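Asker: See input.csv below, with CSV, C-alpha atoms and all ligand atoms.
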chain,number,residue,atom,x,y,z
E,1,MET,CA,-0.8,-71.3,74.7
E,2,SER,CA,0.7,-72.5,71.4
E,3,ILE,CA,0.3,-75.8,69.6
E,4,LEU,CA,2.4,-77.3,66.8
E,5,LEU,CA,0.5,-79.9,64.7
E,6,LYS,CA,3.4,-81.9,63.2
E,7,ASN,CA,3.1,-83.7,59.9
E,8,VAL,CA,-0.6,-83.3,59.4
E,9,SER,CA,-2.4,-83.9,56.1
E,10,LEU,CA,-4.0,-80.7,54.8
E,11,ASP,CA,-5.6,-80.9,51.3
E,12,ASN,CA,-3.5,-84.1,50.7
E,13,GLN,CA,-0.2,-82.4,51.5
E,14,ILE,CA,1.8,-83.2,54.6
E,15,THR,CA,2.6,-80.0,56.5
E,16,ASP,CA,3.0,-78.5,60.0
E,17,VAL,CA,0.4,-76.1,61.5
E,18,PHE,CA,1.5,-73.7,64.2
E,19,ILE,CA,-1.3,-72.3,66.3
E,20,SER,CA,-0.4,-69.4,68.5
E,21,GLU,CA,-2.8,-67.4,70.7
E,22,ASN,CA,-6.0,-68.1,69.0
E,23,LYS,CA,-5.0,-68.1,65.3
E,24,PHE,CA,-3.3,-70.3,62.6
E,25,LYS,CA,0.0,-68.5,62.7
E,26,LYS,CA,2.0,-70.4,60.2
E,27,ILE,CA,1.2,-73.3,57.9
E,28,ALA,CA,4.4,-74.8,56.3
E,29,PRO,CA,6.3,-78.1,56.4
E,30,ASN,CA,9.3,-78.8,58.7
E,31,GLN,CA,8.7,-76.0,61.2
E,32,ASN,CA,11.1,-75.7,64.2
E,33,VAL,CA,9.3,-73.5,66.6
E,34,ASN,CA,8.9,-73.7,70.3
E,35,ALA,CA,5.4,-74.7,71.1
E,36,ASP,CA,3.7,-75.3,74.5
E,37,LYS,CA,2.3,-78.5,73.0
E,38,VAL,CA,3.4,-80.6,70.0
E,39,ILE,CA,1.0,-83.2,68.5
E,40,ASP,CA,2.2,-85.9,66.2
E,41,CYS,CA,-0.4,-85.8,63.5
E,42,SER,CA,1.1,-88.4,61.1
E,43,HIS,CA,-2.2,-90.3,61.2
E,44,PHE,CA,-4.4,-87.2,61.1
E,45,ALA,CA,-5.9,-84.8,58.6
E,46,ILE,CA,-6.9,-81.3,59.6
E,47,LEU,CA,-10.3,-79.9,58.6
E,48,PRO,CA,-12.4,-76.9,59.6
E,49,ALA,CA,-14.7,-77.6,62.6
E,50,PHE,CA,-18.5,-77.4,62.2
E,51,TYR,CA,-20.8,-74.4,62.9
E,52,ASN,CA,-24.2,-75.5,64.0
E,53,CYS,CA,-26.4,-72.5,63.0
E,54,HIS,CA,-29.7,-73.5,64.6
E,55,SER,CA,-30.3,-75.4,67.9
E,56,HIS,CA,-32.1,-75.4,71.2
E,57,ALA,CA,-29.3,-76.8,73.4
E,58,PRO,CA,-31.2,-77.3,76.7
E,59,MET,CA,-33.6,-79.7,74.9
E,60,SER,CA,-31.2,-82.6,75.2
E,61,ILE,CA,-33.2,-83.3,78.4
E,62,PHE,CA,-36.1,-84.2,76.1
E,63,ARG,CA,-34.2,-86.7,73.9
E,64,GLY,CA,-36.6,-89.5,73.1
E,65,ILE,CA,-39.4,-88.2,75.3
E,66,SER,CA,-41.9,-87.5,72.5
E,67,ASP,CA,-41.3,-89.0,69.0
E,68,ASP,CA,-43.5,-89.6,66.0
E,69,LYS,CA,-45.9,-86.6,66.4
E,70,ASN,CA,-46.8,-83.7,64.1
E,71,LEU,CA,-45.2,-80.3,64.9
E,72,PHE,CA,-48.2,-78.6,66.5
E,73,ASP,CA,-49.3,-81.7,68.6
E,74,TRP,CA,-45.6,-82.2,69.6
E,75,LEU,CA,-45.2,-78.5,70.7
E,76,ASN,CA,-48.5,-78.0,72.3
E,77,ASN,CA,-49.0,-81.3,74.1
E,78,ASP,CA,-45.5,-82.6,74.8
E,79,ILE,CA,-42.9,-80.0,74.7
E,80,TRP,CA,-44.3,-76.7,75.9
E,81,PRO,CA,-45.9,-78.2,79.1
E,82,ARG,CA,-42.6,-79.9,80.0
E,83,GLU,CA,-40.5,-76.8,79.2
E,84,ALA,CA,-42.6,-74.9,81.8
E,85,LYS,CA,-41.1,-77.2,84.5
E,86,LEU,CA,-37.4,-76.6,83.6
E,87,THR,CA,-35.2,-75.2,86.3
E,88,ASP,CA,-32.0,-73.2,85.8
E,89,GLU,CA,-30.0,-76.2,87.1
E,90,MET,CA,-31.6,-78.4,84.4
E,91,ILE,CA,-30.9,-75.9,81.7
E,92,TYR,CA,-27.3,-75.6,82.8
E,93,THR,CA,-26.6,-79.3,82.8
E,94,ALA,CA,-28.6,-80.1,79.7
E,95,THR,CA,-26.8,-77.3,77.8
E,96,LYS,CA,-23.4,-78.6,78.9
E,97,PHE,CA,-24.4,-82.1,77.9
E,98,SER,CA,-25.5,-80.9,74.4
E,99,ILE,CA,-22.2,-79.0,74.0
E,100,MET,CA,-20.3,-82.2,74.9
E,101,GLU,CA,-22.2,-84.0,72.1
E,102,MET,CA,-21.4,-81.2,69.7
E,103,ILE,CA,-17.7,-81.3,70.5
E,104,LYS,CA,-17.6,-85.1,70.2
E,105,THR,CA,-19.0,-84.6,66.7
E,106,GLY,CA,-16.6,-81.8,65.7
E,107,THR,CA,-18.8,-78.7,66.3
E,108,VAL,CA,-17.2,-75.6,67.9
E,109,PHE,CA,-20.1,-73.1,67.5
E,110,PHE,CA,-23.8,-73.2,67.9
E,111,SER,CA,-26.5,-70.6,67.4
E,112,ASP,CA,-29.2,-71.2,70.0
E,113,MET,CA,-32.7,-69.9,70.7
E,114,TYR,CA,-34.2,-70.7,74.1
E,115,PHE,CA,-34.9,-69.3,77.5
E,116,GLY,CA,-33.0,-69.4,80.9
E,117,MET,CA,-30.2,-67.2,79.5
E,118,GLN,CA,-28.1,-67.0,82.6
E,119,PRO,CA,-27.5,-70.8,82.9
E,120,LEU,CA,-27.1,-71.0,79.1
E,121,LEU,CA,-24.4,-68.3,79.1
E,122,LYS,CA,-22.6,-70.0,82.0
E,123,ALA,CA,-22.7,-73.5,80.3
E,124,VAL,CA,-21.2,-72.1,77.1
E,125,ALA,CA,-18.5,-70.3,78.9
E,126,ASP,CA,-17.6,-73.4,81.1
E,127,MET,CA,-17.4,-75.6,78.0
E,128,GLY,CA,-15.1,-73.3,76.0
E,129,VAL,CA,-17.0,-73.3,72.7
E,130,ARG,CA,-18.3,-70.4,70.6
E,131,ALA,CA,-22.0,-69.5,70.6
E,132,ALA,CA,-24.6,-67.0,69.5
E,133,LEU,CA,-27.4,-67.0,72.1
E,134,SER,CA,-30.8,-65.6,71.7
E,135,PHE,CA,-33.8,-65.5,74.0
E,136,GLY,CA,-36.8,-67.1,72.1
E,137,ALA,CA,-39.4,-64.5,73.0
E,138,CYS,CA,-42.9,-65.4,72.1
E,139,ASP,CA,-46.0,-63.5,73.4
E,140,LEU,CA,-48.7,-65.6,71.7
E,141,PHE,CA,-50.4,-62.3,70.7
E,142,ASN,CA,-51.2,-61.4,74.3
E,143,SER,CA,-50.4,-57.8,75.0
E,144,ASP,CA,-49.6,-58.4,78.7
E,145,LYS,CA,-47.3,-61.3,77.8
E,146,CYS,CA,-45.7,-59.0,75.2
E,147,LYS,CA,-44.7,-56.6,78.0
E,148,VAL,CA,-43.3,-59.5,80.1
E,149,GLU,CA,-41.3,-60.8,77.1
E,150,ILE,CA,-39.8,-57.3,76.4
E,151,GLU,CA,-38.7,-57.1,80.1
E,152,LYS,CA,-37.0,-60.5,79.7
E,153,ILE,CA,-35.3,-59.4,76.5
E,154,ASN,CA,-34.0,-56.3,78.3
E,155,ASP,CA,-32.9,-58.6,81.2
E,156,PHE,CA,-31.0,-60.8,78.8
E,157,LEU,CA,-29.2,-57.8,77.2
E,158,GLY,CA,-28.3,-56.6,80.7
E,159,THR,CA,-26.9,-60.0,81.8
E,160,GLN,CA,-23.1,-60.0,81.9
E,161,ASN,CA,-21.5,-61.9,79.0
E,162,PRO,CA,-19.0,-64.2,80.7
E,163,ASN,CA,-16.8,-64.5,77.5
E,164,SER,CA,-17.5,-61.9,74.9
E,165,GLU,CA,-14.6,-63.2,72.8
E,166,LEU,CA,-16.5,-66.4,72.1
E,167,ILE,CA,-20.2,-65.6,72.9
E,168,GLN,CA,-22.4,-63.1,71.1
E,169,LYS,CA,-25.9,-62.2,72.1
E,170,VAL,CA,-28.5,-62.3,69.3
E,171,LEU,CA,-32.2,-61.3,69.2
E,172,ALA,CA,-34.8,-63.8,68.3
E,173,ILE,CA,-38.3,-63.9,66.8
E,174,HIS,CA,-39.6,-67.3,67.6
E,175,ALA,CA,-42.0,-67.5,64.6
E,176,VAL,CA,-44.7,-65.7,62.8
E,177,TYR,CA,-47.4,-67.8,64.5
E,178,THR,CA,-46.1,-67.2,68.1
E,179,VAL,CA,-45.0,-63.5,68.0
E,180,SER,CA,-47.1,-60.4,67.6
E,181,PRO,CA,-46.1,-57.6,65.1
E,182,GLU,CA,-45.5,-55.4,68.1
E,183,LEU,CA,-42.9,-57.8,69.6
E,184,ILE,CA,-41.3,-58.3,66.1
E,185,GLU,CA,-40.9,-54.6,65.7
E,186,PHE,CA,-39.4,-54.3,69.2
E,187,ASN,CA,-36.8,-56.9,68.3
E,188,VAL,CA,-36.0,-55.5,64.8
E,189,ASN,CA,-35.5,-52.0,66.2
E,190,LEU,CA,-33.4,-53.2,69.1
E,191,ALA,CA,-31.2,-55.3,66.7
E,192,LYS,CA,-30.6,-52.2,64.5
E,193,GLU,CA,-29.9,-50.0,67.5
E,194,HIS,CA,-27.3,-52.5,69.0
E,195,ASN,CA,-26.0,-53.9,65.6
E,196,MET,CA,-27.1,-57.4,66.6
E,197,ARG,CA,-28.1,-60.4,64.6
E,198,LEU,CA,-31.6,-61.8,64.3
E,199,HIS,CA,-32.5,-65.5,64.6
E,200,ILE,CA,-36.0,-66.5,63.3
E,201,HIS,CA,-37.9,-69.7,62.7
E,202,ALA,CA,-39.5,-69.2,59.3
E,203,CYS,CA,-41.5,-71.2,56.7
E,204,GLU,CA,-41.0,-74.5,58.5
E,205,THR,CA,-44.4,-76.0,57.6
E,206,LYS,CA,-47.0,-75.4,54.8
E,207,LYS,CA,-49.6,-74.7,57.5
E,208,GLU,CA,-47.4,-71.9,58.9
E,209,VAL,CA,-47.3,-70.2,55.4
E,210,ASP,CA,-51.0,-70.8,54.7
E,211,ASP,CA,-52.0,-69.4,58.1
E,212,CYS,CA,-49.8,-66.4,57.6
E,213,ILE,CA,-51.2,-65.6,54.2
E,214,ALA,CA,-54.8,-66.0,55.6
E,215,LYS,CA,-54.0,-63.7,58.6
E,216,TYR,CA,-51.7,-61.0,57.0
E,217,GLY,CA,-52.2,-61.5,53.3
E,218,LEU,CA,-48.4,-62.1,53.0
E,219,THR,CA,-46.1,-65.0,53.1
E,220,PRO,CA,-43.9,-65.1,56.2
E,221,ILE,CA,-40.9,-63.9,54.1
E,222,ALA,CA,-42.9,-60.9,52.7
E,223,PHE,CA,-44.3,-60.3,56.2
E,224,PHE,CA,-40.8,-60.2,57.8
E,225,ASP,CA,-39.5,-58.1,55.0
E,226,LYS,CA,-42.3,-55.6,55.5
E,227,HIS,CA,-41.2,-55.4,59.2
E,228,ASN,CA,-37.5,-54.8,58.1
E,229,ALA,CA,-36.4,-58.1,59.8
E,230,LEU,CA,-34.5,-59.4,56.8
E,231,SER,CA,-30.8,-58.7,56.1
E,232,ASP,CA,-27.4,-60.4,55.9
E,233,LYS,CA,-27.5,-60.3,59.7
E,234,THR,CA,-30.6,-62.5,59.8
E,235,THR,CA,-30.7,-66.3,60.1
E,236,LEU,CA,-33.9,-68.0,59.2
E,237,ALA,CA,-34.1,-71.6,60.5
E,238,HIS,CA,-35.9,-74.2,58.3
E,239,SER,CA,-37.0,-72.0,55.3
E,240,VAL,CA,-38.7,-75.0,53.6
E,241,TRP,CA,-41.8,-73.5,52.1
E,242,LEU,CA,-40.7,-70.6,49.8
E,243,ASP,CA,-42.2,-69.2,46.6
E,244,ASP,CA,-40.2,-67.6,43.8
E,245,ASN,CA,-40.9,-64.1,45.2
E,246,ASP,CA,-39.7,-65.1,48.6
E,247,ILE,CA,-36.5,-66.5,47.1
E,248,LYS,CA,-35.8,-63.3,45.2
E,249,ILE,CA,-36.2,-61.3,48.5
E,250,LEU,CA,-33.9,-63.6,50.4
E,251,ALA,CA,-31.2,-63.6,47.7
E,252,ASP,CA,-31.4,-59.8,47.3
E,253,LYS,CA,-31.1,-59.1,51.0
E,254,GLY,CA,-28.3,-61.7,51.6
E,255,VAL,CA,-30.4,-63.5,54.3
E,256,TRP,CA,-28.8,-66.6,55.8
E,257,LEU,CA,-31.1,-69.7,55.5
E,258,CYS,CA,-30.3,-72.5,57.9
E,259,THR,CA,-31.5,-75.9,56.8
E,260,ASN,CA,-32.4,-78.5,59.4
E,261,PRO,CA,-33.0,-81.7,57.5
E,262,SER,CA,-33.3,-84.2,60.3
E,263,SER,CA,-36.0,-82.1,62.1
E,264,ASN,CA,-37.8,-81.4,58.8
E,265,PHE,CA,-37.9,-85.1,58.0
E,266,LYS,CA,-38.9,-86.3,61.5
E,267,LEU,CA,-41.7,-83.8,61.8
E,268,CYS,CA,-42.6,-84.3,58.1
E,269,SER,CA,-42.3,-80.5,57.5
E,270,GLY,CA,-41.0,-80.8,54.0
E,271,MET,CA,-37.7,-80.7,52.0
E,272,PHE,CA,-35.4,-77.7,51.7
E,273,MET,CA,-34.7,-76.7,48.1
E,274,LEU,CA,-31.0,-76.6,48.5
E,275,GLN,CA,-29.9,-76.6,44.9
E,276,LYS,CA,-32.5,-74.1,43.7
E,277,LEU,CA,-31.6,-71.8,46.5
E,278,LEU,CA,-27.8,-72.1,45.9
E,279,ASP,CA,-28.5,-71.5,42.1
E,280,SER,CA,-30.6,-68.4,43.0
E,281,GLY,CA,-27.7,-66.9,45.0
E,282,CYS,CA,-29.1,-67.5,48.5
E,283,ASN,CA,-26.8,-67.8,51.5
E,284,ILE,CA,-27.1,-71.2,53.2
E,285,THR,CA,-26.0,-72.7,56.5
E,286,LEU,CA,-26.7,-75.9,58.3
E,287,GLY,CA,-28.1,-76.7,61.8
E,288,THR,CA,-29.3,-79.6,63.9
E,289,ASP,CA,-32.3,-78.0,65.5
E,290,GLY,CA,-33.0,-79.1,69.1
E,291,MET,CA,-32.4,-82.7,70.3
E,292,ALA,CA,-36.2,-83.3,70.8
E,293,SER,CA,-36.7,-83.1,67.1
E,294,ASN,CA,-33.5,-84.7,65.8
E,295,ASN,CA,-32.5,-86.6,68.2
E,296,GLU,CA,-28.8,-85.9,68.1
E,297,LEU,CA,-26.6,-82.9,67.5
E,298,SER,CA,-24.2,-84.3,64.9
E,299,MET,CA,-23.4,-82.1,62.0
E,300,LEU,CA,-22.0,-85.2,60.3
E,301,SER,CA,-25.4,-86.8,60.2
E,302,GLU,CA,-26.9,-83.5,59.2
E,303,MET,CA,-24.5,-83.0,56.2
E,304,LYS,CA,-25.4,-86.4,54.8
E,305,LEU,CA,-29.1,-85.9,55.1
E,306,CYS,CA,-28.7,-82.4,53.6
E,307,ALA,CA,-26.9,-83.8,50.5
E,308,LEU,CA,-29.4,-86.7,50.1
E,309,ALA,CA,-32.4,-84.4,50.6
E,310,ALA,CA,-31.1,-82.0,47.9
E,311,LYS,CA,-31.0,-84.9,45.4
E,312,ILE,CA,-34.4,-86.3,46.1
E,313,GLN,CA,-36.0,-82.8,46.3
E,314,SER,CA,-34.6,-81.7,42.9
E,315,GLN,CA,-34.8,-85.2,41.4
E,316,ASN,CA,-31.2,-84.6,40.4
E,317,PRO,CA,-28.2,-86.7,41.8
E,318,THR,CA,-25.7,-83.9,41.1
E,319,ALA,CA,-27.6,-81.6,43.5
E,320,GLY,CA,-26.2,-80.9,47.0
E,321,SER,CA,-22.6,-81.9,46.2
E,322,ASP,CA,-20.3,-83.0,49.0
E,323,GLU,CA,-18.1,-79.9,48.5
E,324,ASP,CA,-21.1,-77.5,48.7
E,325,VAL,CA,-22.5,-79.2,51.8
E,326,PHE,CA,-19.2,-79.3,53.6
E,327,LYS,CA,-18.7,-75.6,52.9
E,328,ILE,CA,-22.3,-74.9,54.1
E,329,ALA,CA,-21.5,-76.7,57.4
E,330,THR,CA,-18.2,-75.0,58.0
E,331,ALA,CA,-17.1,-71.7,56.3
E,332,ASN,CA,-20.7,-70.5,55.6
E,333,GLY,CA,-21.7,-71.1,59.2
E,334,ALA,CA,-18.8,-69.1,60.6
E,335,LYS,CA,-19.4,-66.3,58.1
E,336,SER,CA,-23.1,-66.0,58.9
E,337,PHE,CA,-22.2,-65.0,62.5
E,338,GLY,CA,-19.2,-62.8,61.6
E,339,ILE,CA,-16.6,-65.3,62.9
E,340,ASP,CA,-13.3,-65.1,60.9
E,341,ALA,CA,-12.9,-68.9,60.8
E,342,GLY,CA,-14.2,-72.0,59.0
E,343,GLU,CA,-11.0,-72.5,56.8
E,344,ILE,CA,-7.5,-73.7,57.6
E,345,LYS,CA,-5.6,-70.7,56.5
E,346,GLU,CA,-2.9,-68.5,58.1
E,347,GLY,CA,-4.5,-65.6,60.0
E,348,LYS,CA,-7.8,-67.3,60.5
E,349,LEU,CA,-9.1,-68.1,64.0
E,350,ALA,CA,-7.8,-71.5,65.0
E,351,ASP,CA,-11.0,-73.7,65.0
E,352,CYS,CA,-10.4,-77.1,63.5
E,353,ILE,CA,-10.8,-80.9,63.9
E,354,LEU,CA,-8.2,-83.6,63.5
E,355,VAL,CA,-9.6,-86.8,61.9
E,356,ASN,CA,-8.0,-90.2,62.2
E,357,LEU,CA,-7.1,-91.5,58.7
E,358,TYR,CA,-7.0,-95.0,60.2
E,359,ASN,CA,-10.6,-94.8,61.1
E,360,HIS,CA,-12.5,-97.3,58.9
E,361,PHE,CA,-15.0,-94.7,57.8
E,362,LEU,CA,-12.2,-92.8,56.1
E,363,VAL,CA,-10.7,-95.7,54.3
E,364,PRO,CA,-10.1,-95.7,51.4
E,365,ASN,CA,-9.4,-92.0,51.2
E,366,TYR,CA,-9.9,-91.0,47.6
E,367,ASN,CA,-11.8,-87.9,48.7
E,368,LEU,CA,-11.8,-86.8,52.3
E,369,ILE,CA,-14.6,-84.4,51.9
E,370,SER,CA,-16.8,-87.1,50.4
E,371,ASN,CA,-15.9,-89.4,53.3
E,372,MET,CA,-16.8,-86.7,55.9
E,373,VAL,CA,-20.2,-86.0,54.3
E,374,TYR,CA,-21.2,-89.5,53.3
E,375,SER,CA,-19.5,-92.0,55.5
E,376,ALA,CA,-17.9,-90.6,58.7
E,377,ASP,CA,-19.4,-90.8,62.1
E,378,SER,CA,-18.0,-89.2,65.3
E,379,SER,CA,-15.5,-92.0,65.8
E,380,ALA,CA,-13.4,-90.5,63.0
E,381,ILE,CA,-12.8,-87.3,65.0
E,382,ASP,CA,-9.9,-87.5,67.4
E,383,THR,CA,-9.2,-83.9,68.3
E,384,VAL,CA,-11.3,-80.7,68.4
E,385,ILE,CA,-9.7,-77.2,68.7
E,386,CYS,CA,-11.6,-74.0,69.3
E,387,ASN,CA,-10.0,-70.6,69.3
E,388,GLY,CA,-6.6,-72.2,69.7
E,389,LYS,CA,-7.6,-74.4,72.7
E,390,ILE,CA,-7.9,-78.1,72.7
E,391,LEU,CA,-11.5,-79.2,73.7
E,392,MET,CA,-11.1,-82.9,72.9
E,393,GLN,CA,-8.1,-85.1,72.4
E,394,ASN,CA,-8.1,-88.9,71.8
E,395,HIS,CA,-11.8,-88.6,71.5
E,396,HIS,CA,-12.0,-87.7,75.2
E,397,ILE,CA,-13.3,-84.5,76.8
E,398,ASP,CA,-12.3,-83.7,80.4
E,399,GLY,CA,-15.2,-84.3,82.7
E,400,GLU,CA,-17.4,-86.2,80.2
E,401,GLU,CA,-18.1,-89.2,82.6
E,402,GLU,CA,-19.3,-86.9,85.4
E,403,LEU,CA,-21.4,-84.8,83.0
E,404,THR,CA,-23.0,-88.0,81.7
E,405,ASP,CA,-23.8,-89.1,85.2
E,406,GLU,CA,-25.3,-85.7,86.0
E,407,MET,CA,-27.5,-85.8,83.0
E,408,LYS,CA,-28.7,-89.3,83.8
E,409,ASN,CA,-29.6,-88.2,87.4
E,410,LEU,CA,-31.4,-85.1,86.1
E,411,SER,CA,-33.5,-87.0,83.5
E,412,ASN,CA,-34.6,-89.4,86.3
E,413,LEU,CA,-35.8,-86.4,88.3
E,414,PHE,CA,-37.6,-85.0,85.3
E,415,ARG,CA,-39.5,-88.1,84.4
E,501,ZN,ZN,-35.9,-74.7,66.0
Translate the structure of the given file into structure tokens.
Answerer:
Amino acid sequence: MSILLKNVSLDNQITDVFISENKFKKIAPNQNVNADKVIDCSHFAILPAFYNCHSHAPMSIFRGISDDKNLFDWLNNDIWPREAKLTDEMIYTATKFSIMEMIKTGTVFFSDMYFGMQPLLKAVADMGVRAALSFGACDLFNSDKCKVEIEKINDFLGTQNPNSELIQKVLAIHAVYTVSPELIEFNVNLAKEHNMRLHIHACETKKEVDDCIAKYGLTPIAFFDKHNALSDKTTLAHSVWLDDNDIKILADKGVWLCTNPSSNFKLCSGMFMLQKLLDSGCNITLGTDGMASNNELSMLSEMKLCALAAKIQSQNPTAGSDEDVFKIATANGAKSFGIDAGEIKEGKLADCILVNLYNHFLVPNYNLISNMVYSADSSAIDTVICNGKILMQNHHIDGEEELTDEMKNLSNLFR
């Protein structure tokens, strides 16, 4: 499959972009090449697509089911009892529905932590996006449950990957307050043995940090470091409550910190220190978290909140610039999971979005990146391409009406 994007705006220059196989083959004006598909892009600009580095995709089934609670009340009383009732069919449909929303908002990759890995893998493969999937093992410090979780992790590793070109398996440590040191060490050793990435919730709330210091005499960062869980192949979701020693460890080890502003605001967890962490040399990515704590999966909304939060948190309006935040949501996200994409350059994997320059959110267009971070919503995104394949065109995804009906029916059953 090859695609020729004719007369597209790239960095304010009109050019043609030729996509062949799964890469940007040639970027130059006035190309006369034979392509399977030619798209007139005279109204469009091309931009990198988004990489959502922390989510729980099946949780779309819980959108709006429990709002306005604190984290531990929300988890213990509303979310965990309902999650225990989820079936494979629910996980499959809810994951596809989440991916549909991600594509609609320009996202081509998500890093997920959940359970029900077989339906999750199938949903990702059927929707044609990239993903890094991890089983969110948590033993709640019960040694019998620890053994069961280890079996489930081994099952996940043994499950066939339906599209290893787009999907990578990742190991997860749910959090310091849900996972025993034994299970943490099992995951860390397995990750080393198989050269896999680690995905961890860390330092989300002040309570988590205080409890960890009381229990282990260490901050969660120092604790994970002691257990060799921190490297440039580790993504820490949230990372709100960090002290200076934590920040030094994180910068030295090249750990990826994934900020989730909507979720942190909604659960009142705190504010990510974006500018301080950037200035300290930390690696940063962006994610939506699950739909039950967001309640949408739009990286556009997340970019705006990320930029605004950085300003309020540091009391400095120059903090969290549009350029920094856009890079965090695109190139950084791809890099953190070893995906050679996130930029519109020859030789890179062909992941991109086409935005409609006649959409009112993008007018006037003095600075397209500013418009994407501060004003655009999903209506500005016309086309989404992942790995050289069109996932959405004219803001329409094949099968979206049927999938929406399925999700409505499923949520009626679940009520
Ligand atoms: Zn999360």
Asker: Write out, as JSON lines, each residue of chain E that has an atom at most 9 Å from ligand ZN 501 (chain E), together with the closest pair of atoms and their distance in Å to one decimal, counting all atoms listed in the file, rows going by chain and rising number.
Answerer:
{"residue": "E:His54", "atom": "CA", "partner": "E:ZN501", "partner_atom": "ZN", "distance": 6.5}
{"residue": "E:Ser55", "atom": "CA", "partner": "E:ZN501", "partner_atom": "ZN", "distance": 6.0}
{"residue": "E:His56", "atom": "CA", "partner": "E:ZN501", "partner_atom": "ZN", "distance": 6.5}
{"residue": "E:Asp112", "atom": "CA", "partner": "E:ZN501", "partner_atom": "ZN", "distance": 8.6}
{"residue": "E:Met113", "atom": "CA", "partner": "E:ZN501", "partner_atom": "ZN", "distance": 7.4}
{"residue": "E:His174", "atom": "CA", "partner": "E:ZN501", "partner_atom": "ZN", "distance": 8.4}
{"residue": "E:Ile200", "atom": "CA", "partner": "E:ZN501", "partner_atom": "ZN", "distance": 8.6}
{"residue": "E:His201", "atom": "CA", "partner": "E:ZN501", "partner_atom": "ZN", "distance": 6.3}
{"residue": "E:Ala237", "atom": "CA", "partner": "E:ZN501", "partner_atom": "ZN", "distance": 6.6}
{"residue": "E:His238", "atom": "CA", "partner": "E:ZN501", "partner_atom": "ZN", "distance": 7.7}
{"residue": "E:Asn260", "atom": "CA", "partner": "E:ZN501", "partner_atom": "ZN", "distance": 8.4}
{"residue": "E:Ser263", "atom": "CA", "partner": "E:ZN501", "partner_atom": "ZN", "distance": 8.4}
{"residue": "E:Thr288", "atom": "CA", "partner": "E:ZN501", "partner_atom": "ZN", "distance": 8.5}
{"residue": "E:Asp289", "atom": "CA", "partner": "E:ZN501", "partner_atom": "ZN", "distance": 4.9}
{"residue": "E:Gly290", "atom": "CA", "partner": "E:ZN501", "partner_atom": "ZN", "distance": 6.1}
{"residue": "E:Ser293", "atom": "CA", "partner": "E:ZN501", "partner_atom": "ZN", "distance": 8.5}
Asker: To one decimal place, how far is atom CA of E:Asn30 from atom CA of E:Asp16 in Å?
Answerer: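 Separation between atom CA of E:Asn30 and atom CA of E:Asp16: 6.4 Å.
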Asker: Mind running stretch 37-82 of chain E against stretch 105-111 of chain E at 7 Å and telling me each contacting residue's nearest atom pair with the distance in Å (one decimal), counting only C-alpha atoms, chain and number ascending, as a tab-separated table?
Answerer:
residue	atom	partner	partner_atom	distance
E:Ala49	CA	E:Gly106	CA	5.6
E:Phe50	CA	E:Thr107	CA	4.3
E:Tyr51	CA	E:Phe109	CA	4.8
E:Asn52	CA	E:Phe110	CA	4.5
E:Cys53	CA	E:Ser111	CA	4.8
E:His54	CA	E:Ser111	CA	5.1
E:Ser55	CA	E:Ser111	CA	6.1
Asker: List the spatial neighbours of E:Met90 as a list in words - criterion: any atom at most 12 Å away, only C-alpha atoms, same-chain residues fewer than 6 positions off excluded.
Answerer: Ala57, Pro58, Met59, Ser60, Ile61, Phe62, Arg82, Glu83, Ala84, Lys96, Phe97, Ser98, Phe115, Gly116, Pro119, Leu120, Ala123, Glu406, Met407, Lys408, Asn409, Leu410, Ser411, Asn412, Leu413 and Phe414 of chain E
Asker: Quote the spacing between atom CA of E:Ala350 and atom CA of E:Met392 in Å to one decimal place.
Answerer: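 According to the coordinates, atom CA of E:Ala350 and atom CA of E:Met392 are separated by 14.3 Å.
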Asker: Would you compute the distance between atom CA of E:Trp241 and atom CA of E:Phe272? Give it in Å to one decimal.
Answerer: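 Atom CA of E:Phe272 lies 7.7 Å from atom CA of E:Trp241.
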Asker: Pick out the closest residue to E:Pro261 from this set: E:Leu121, E:Met299, E:Leu236, E:Ile381. Count all atoms listed in the file.
Answerer: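 Among E:Leu121, E:Met299, E:Leu236, E:Ile381, it is E:Met299 that comes nearest to E:Pro261.
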Asker: Neighbouring residues of stretch 360-368 of chain E were defined as those with any atom within 7 Å, considering only C-alpha atoms; residues of the same chain fewer than 5 positions away were excluded. Please report them as an MDAnalysis selection string.
Answerer: chainID E and resid 375:376 380
Asker: Which one is closest to E:Leu171: E:Arg130, E:Pro81, E:Lys233, E:Cys146? Count all atoms listed in the file.
Answerer: E:Lys233
Asker: Which one of E:Ala251, E:Ala132, E:Leu274, E:Ala202 sits closest to E:Gln315 if you count only C-alpha atoms?
Answerer: E:Leu274
Asker: Mind checking which residues fall within 8 Å of E:Thr235, counting only C-alpha atoms, ignoring those fewer than 6 positions away in the same chain, and posting them as a ChimeraX atom specification?
Answerer: /E:197-200,255-258,336
Asker: Near E:Leu277, counting all atoms listed in the file, which residues have an atom at most 10 Å away, once you skip same-chain residues fewer than 2 positions from it, shown as a short mmCIF file (atom, residue, chain, number, x, y, z; two decimals) with C-alpha atoms, keeping the file's coordinate frame?
Answerer:
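Heads up, here's the output in out11.cif:
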data_model
loop_
_atom_site.label_atom_id
_atom_site.label_comp_id
_atom_site.auth_asym_id
_atom_site.auth_seq_id
_atom_site.Cartn_x
_atom_site.Cartn_y
_atom_site.Cartn_z
CA LEU E 242 -40.70 -70.60 49.80
CA ASP E 244 -40.20 -67.60 43.80
CA ILE E 247 -36.50 -66.50 47.10
CA LYS E 248 -35.80 -63.30 45.20
CA LEU E 250 -33.90 -63.60 50.40
CA ALA E 251 -31.20 -63.60 47.70
CA LEU E 257 -31.10 -69.70 55.50
CA PHE E 272 -35.40 -77.70 51.70
CA MET E 273 -34.70 -76.70 48.10
CA LEU E 274 -31.00 -76.60 48.50
CA GLN E 275 -29.90 -76.60 44.90
CA ASP E 279 -28.50 -71.50 42.10
CA SER E 280 -30.60 -68.40 43.00
CA GLY E 281 -27.70 -66.90 45.00
CA CYS E 282 -29.10 -67.50 48.50
CA ASN E 283 -26.80 -67.80 51.50
CA ILE E 284 -27.10 -71.20 53.20
#
